[in-house]
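A.B. asks: Let me give you the structure first, and then I'll get to my questions.
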Amino acid sequence: AWLPVQGTRASQLHSLERLLAERLRCPELRAAHRLDRQTSGVLLLARDAQRAAFLGRALSDRRVAKTYLAWVSPPPESSDWTVRGPIGPTKTGKRYRFELRTAPAPDARDSETHFRVVSRAAERALVECRPITGRTHQLRVHLAASGSAIVGDDLYGPDWREGAASSAERIQLHAAALRMRLAPRSPELEIRASTPADFLVVGAPGFEPGTF
């Protein structure tokens with residue numbers, strides 16, 4: 001968390017892509033997908049353009065299974081549910097956000113995520129998220145639309161308004177696992193990332209950092 005995946009004008013030298021390219025002596029290294037700056041977990045990078053193209057197609061064709069964990073509040077009423085619908089941009093004040101639309105629109109794209117409650121605490125719940133599509137801010141939008149926004153989300157949760165105090169130091173979203181084939185005839189591979197200590201913002205039965 002907090003390390004940008006790709007460089008920006010403000011951080012050309014300080015990005016995961018740039019740091020790994022130098023450490024691995026692989027100048028063509030590039031991210032096959034991205035995580036938001038505050039999100040921790042698994043990220044897939046390609047060593048060259050050919051691998052990047054293969055991974056890009058696999059992601060686009062939905063041949064990569066992604067699993068995320070999120071602390072949400074308040075706890076959802078259902079133990080498992082699915083959110084579907086077009087996601088499109090909207091502007092609230094000075095900030096751009098995305099929203100779940102009720103009907104298709106030229107600036108919106110279809111989206112789908114399956115959710116399952118892993119554990120419940122007093123005011124929060126740990127939710128497993130399995131996105132089928134990969135839209136910008138998809139999990140954040142879908143959980144907010146479900147009435148259980150991600151803890152620490154200052155853009156879609158109750159903390160998004162100007163001046164509101166955040167309920168966590170960062171958004172409580174973790175990319176827990178990726179499952180895919182790294183080449184057309186290779187065996188399926190699952191890559192998992194242990195949960196970091198700052199992800200556990202409240203205790204819940206049966207869950208400790210790194211154990212998922």
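Identifiers for the structure tokens are assigned positionally: chains receive A, B, ... in sequence, residues are indexed from 1 per chain, and ligands are indexed from 1 in the order shown.
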Taking the DSSP assignment computed from this structure's backbone, write out as number ranges by chain all residues of region 100-169 of chain A that belong to strand (DSSP E).
C.D. replies: A: 100, 109-120, 125-131, 149-150
A.B. asks: Return as CSV the residues of region 68-127 of chain A lying at most 8 Å from region 142-145 of chain A, together with the closest atom-to-atom pair for each and the distance in Å to one decimal, counting only C-alpha atoms, with rows in chain order and ascending residue number.
C.D. replies:
```
residue,atom,partner,partner_atom,distance
A:Val72,CA,A:Leu143,CA,7.9
A:Val83,CA,A:His142,CA,6.3
A:Leu100,CA,A:Ala145,CA,7.1
A:Thr113,CA,A:His142,CA,7.5
```
A.B. asks: Just the residues within 6 Å of Arg116 (chain A), please, counting only C-alpha atoms, with nothing from its chain fewer than 2 positions along; format it as an NGL selection string.
C.D. replies: :A and (79-80 or 127-128)
A.B. asks: Store the residues picked out above in a file with N, CA, C and O atoms, as a PDB file, in the first residue's frame.
C.D. replies:
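This is the output file selection.pdb:
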```
ATOM      1  N   SER A  79     -25.199 -12.797   3.424  1.00  0.00           N
ATOM      2  CA  SER A  79     -23.893 -13.445   3.587  1.00  0.00           C
ATOM      3  C   SER A  79     -23.225 -13.663   2.249  1.00  0.00           C
ATOM      4  O   SER A  79     -22.035 -13.898   2.171  1.00  0.00           O
ATOM      5  N   ASP A  80     -24.011 -13.633   1.176  1.00  0.00           N
ATOM      6  CA  ASP A  80     -23.444 -13.703  -0.151  1.00  0.00           C
ATOM      7  C   ASP A  80     -24.376 -13.080  -1.160  1.00  0.00           C
ATOM      8  O   ASP A  80     -25.559 -13.260  -1.054  1.00  0.00           O
ATOM      9  N   VAL A 127     -15.176  -9.141   3.992  1.00  0.00           N
ATOM     10  CA  VAL A 127     -15.877  -9.643   2.811  1.00  0.00           C
ATOM     11  C   VAL A 127     -14.880 -10.095   1.745  1.00  0.00           C
ATOM     12  O   VAL A 127     -13.899  -9.396   1.463  1.00  0.00           O
ATOM     13  N   GLU A 128     -15.114 -11.280   1.184  1.00  0.00           N
ATOM     14  CA  GLU A 128     -14.343 -11.760   0.039  1.00  0.00           C
ATOM     15  C   GLU A 128     -15.026 -11.256  -1.228  1.00  0.00           C
ATOM     16  O   GLU A 128     -16.233 -11.394  -1.386  1.00  0.00           O
TER      17      GLU A 128
END
```
A.B. asks: Just asking: which residues within chain A are alpha helix (DSSP H) according to DSSP, as a PyMOL selection string?
C.D. replies: chain A and resi 16-23+49-60+138-145
A.B. asks: At what distance in Å, to one decimal, does CA of Ile171 (chain A) lie from CA of Leu3 (chain A)?
C.D. replies: 13.6 Å
A.B. asks: My list of candidates is A:Leu16, A:Ala176, A:Leu189, A:Val117. Which is closest to Thr82 (chain A) when distances are computed with only C-alpha atoms?
C.D. replies: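 Nearest to Thr82 (chain A): A:Val117.
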